[in-house]
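K.L.:
A single structure is presented below for examination.
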Amino acid sequence: MANGKVVLYTYFRSTASTWVRIALNYKGIEYTPEFINLQKGEQNSEKYGEISSTHYVPCLDIDGVKLIESMSIIHYLEETRPERPLLPSDPIQRAQARTIASMIASGIQPLHNSSVLAGFPEEERTPRAANAIIKGFKAIEKFLKNSSGKYCVGDHITLADVYLFGSCLTSLRYNVNLNEFGLIYKVFQNLEKIESFQQGAWYNQPDCPENLKPGNTN
Ligand SMILES: N[C@@H](CCC(=O)N[C@@H](CS)C(=O)NCC(=O)O)C(=O)O
């Protein structure tokens with residue numbers, strides 16, 4: 001970090017980067033993106049390994065420290081920038097928000113991480129990723145019956161929405177039919193209307209090639 005500047009090491013299609021981008025946007029924290037092209041393997045460089053010991057994105061350079069792991073980054077933001085909270089004050093709702101976020105961060109995303117999928121033949125990657133997402137979404141759909149309102153936990157935006165929105169965007173890339181998950185789809189549609197969430201989406205990132213943006217068939 002230089003002169004109080006917040007730097008996010010990010011890749012447009014990275015689900016975990018999306019979570020942190022949304023949290024930063026939602027809390028109104030300005031940041032400068034530093035693009036790490038996962039497709040070109042830039043995460044594996046020695047230089048990036050000095051920044052992020054896991055060689056994963058995201059990494060957030062803030063307040064003189066480089067933070068890795070989206071969950072710890074977002075909790076740090078929550079503790080140091082409590083305005084526009086992402087954790088409800090009610091302990092049960094707080095637990096519900098953390099549960100949904102963990103189901104996605106620990107139970108779904110690791111199964112479709114690019115380095116994991118790279119271990120399988122090309123034609124197996126999309127179905128494997130889709131299956132992991134569908135299995136996790138079935139569990140989340142059941143959970144939402146007790147927790148959700150307009151959003152994942154009641155009618156206020158929480159950590160769970162940050163994780164669900166990013167995961168839904170990724171699921172569409174793997175041809176998961178969100179219509180099969182009524183509550184997830186409803187929450188997703190509500191979140192789509194929120195600017196800070198939209199701004200975090202992969203197709204709105206400066207490092208997203210024009211030809212990959214929705215509606216562009218070139
Ligand atoms: N648990 C980590 C996951 C980070 C992660 O898996 N990042 C992926 C992109 S979404 C990555 O950098 N993959 C590069 C690779 O697998 O080589 C978090 O939540 O931050």
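Following the order of the structure tokens, first chain is A, next is B, and so on, with residues numbered from 1 inside each chain and ligands from 1 in the order they appear.
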Skip Leu24 of chain A itself and residues of its chain fewer than 4 positions away, then list as JSON, numbers by chain all residues within 12 Å of it, counting only C-alpha atoms.
P.N.:
{"A": [6, 7, 8, 17, 18, 19, 20, 28, 29, 30, 31, 32, 33, 60, 62, 70, 73, 74, 75, 76, 77, 78, 81, 82, 83, 84, 85, 86, 159, 162, 196, 197, 199, 200]}
K.L.:
Got a sec to tell me which of segment 17-145 of chain A DSSP assigns to strand (DSSP E or B), as an MDAnalysis selection string?
P.N.:
chainID A and resid 32:35 59:62 65:68
K.L.:
To check your reading of the model: which residues sit at most 6 Å from ligand 1 when counting only C-alpha atoms and all ligand atoms? Write the answer as a list in words.
P.N.:
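So, counting only C-alpha atoms and all ligand atoms, the residues near ligand 1 are Ser14, Thr15, Ala16, Leu38, Tyr56, Val57, Pro58, Glu69, Ser70, Met71, Ala105, Asn113, Ser114 and Ser115 of chain A.
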K.L.:
For the selection you just gave me, I'd like the residues written to a file as a PDB file, in the first residue's frame, keeping N, CA and C atoms.
P.N.:
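Result file selection-v2.pdb:
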```
ATOM      1  N   SER A  14     -12.676 -14.425 -11.452  1.00  0.00           N
ATOM      2  CA  SER A  14     -12.486 -15.123 -10.181  1.00  0.00           C
ATOM      3  C   SER A  14     -13.683 -14.874  -9.261  1.00  0.00           C
ATOM      4  N   THR A  15     -14.312 -15.982  -8.837  1.00  0.00           N
ATOM      5  CA  THR A  15     -15.476 -15.864  -7.950  1.00  0.00           C
ATOM      6  C   THR A  15     -15.067 -15.203  -6.630  1.00  0.00           C
ATOM      7  N   ALA A  16     -13.924 -15.624  -6.095  1.00  0.00           N
ATOM      8  CA  ALA A  16     -13.493 -15.075  -4.801  1.00  0.00           C
ATOM      9  C   ALA A  16     -13.156 -13.585  -4.921  1.00  0.00           C
ATOM     10  N   LEU A  38      -5.251 -15.041 -14.465  1.00  0.00           N
ATOM     11  CA  LEU A  38      -5.158 -16.456 -14.065  1.00  0.00           C
ATOM     12  C   LEU A  38      -4.994 -17.359 -15.276  1.00  0.00           C
ATOM     13  N   TYR A  56      -3.192 -17.371  -4.791  1.00  0.00           N
ATOM     14  CA  TYR A  56      -4.583 -17.162  -5.218  1.00  0.00           C
ATOM     15  C   TYR A  56      -4.923 -15.673  -5.218  1.00  0.00           C
ATOM     16  N   VAL A  57      -5.888 -15.299  -6.049  1.00  0.00           N
ATOM     17  CA  VAL A  57      -6.561 -14.008  -5.890  1.00  0.00           C
ATOM     18  C   VAL A  57      -7.867 -14.307  -5.156  1.00  0.00           C
ATOM     19  N   PRO A  58      -8.404 -13.360  -4.416  1.00  0.00           N
ATOM     20  CA  PRO A  58      -7.950 -11.986  -4.260  1.00  0.00           C
ATOM     21  C   PRO A  58      -6.912 -11.842  -3.151  1.00  0.00           C
ATOM     22  N   GLU A  69      -7.449 -14.525   1.447  1.00  0.00           N
ATOM     23  CA  GLU A  69      -8.648 -15.275   1.821  1.00  0.00           C
ATOM     24  C   GLU A  69      -9.837 -14.311   1.955  1.00  0.00           C
ATOM     25  N   SER A  70     -10.774 -14.455   1.023  1.00  0.00           N
ATOM     26  CA  SER A  70     -11.896 -13.520   0.940  1.00  0.00           C
ATOM     27  C   SER A  70     -12.637 -13.368   2.276  1.00  0.00           C
ATOM     28  N   MET A  71     -12.829 -14.499   2.973  1.00  0.00           N
ATOM     29  CA  MET A  71     -13.610 -14.415   4.216  1.00  0.00           C
ATOM     30  C   MET A  71     -12.891 -13.558   5.266  1.00  0.00           C
ATOM     31  N   ALA A 105     -18.159 -20.713   0.202  1.00  0.00           N
ATOM     32  CA  ALA A 105     -16.699 -20.528   0.184  1.00  0.00           C
ATOM     33  C   ALA A 105     -15.949 -21.839   0.418  1.00  0.00           C
ATOM     34  N   ASN A 113     -12.505 -24.432  -8.556  1.00  0.00           N
ATOM     35  CA  ASN A 113     -11.344 -23.569  -8.730  1.00  0.00           C
ATOM     36  C   ASN A 113     -10.570 -24.014  -9.987  1.00  0.00           C
ATOM     37  N   SER A 114     -10.013 -23.029 -10.704  1.00  0.00           N
ATOM     38  CA  SER A 114      -9.403 -23.357 -12.007  1.00  0.00           C
ATOM     39  C   SER A 114      -8.298 -24.401 -11.904  1.00  0.00           C
ATOM     40  N   SER A 115      -7.472 -24.332 -10.833  1.00  0.00           N
ATOM     41  CA  SER A 115      -6.378 -25.309 -10.748  1.00  0.00           C
ATOM     42  C   SER A 115      -6.905 -26.702 -10.438  1.00  0.00           C
TER      43      SER A 115
END
```
K.L.:
Env of Asp155 of chain A: 12 Å cut, atoms = only C-alpha atoms, seq-sep filter 6 positions within chain, self excluded. Answer as a ChimeraX atom specification.
P.N.:
/A:88,93,147-149,161,187,190-191
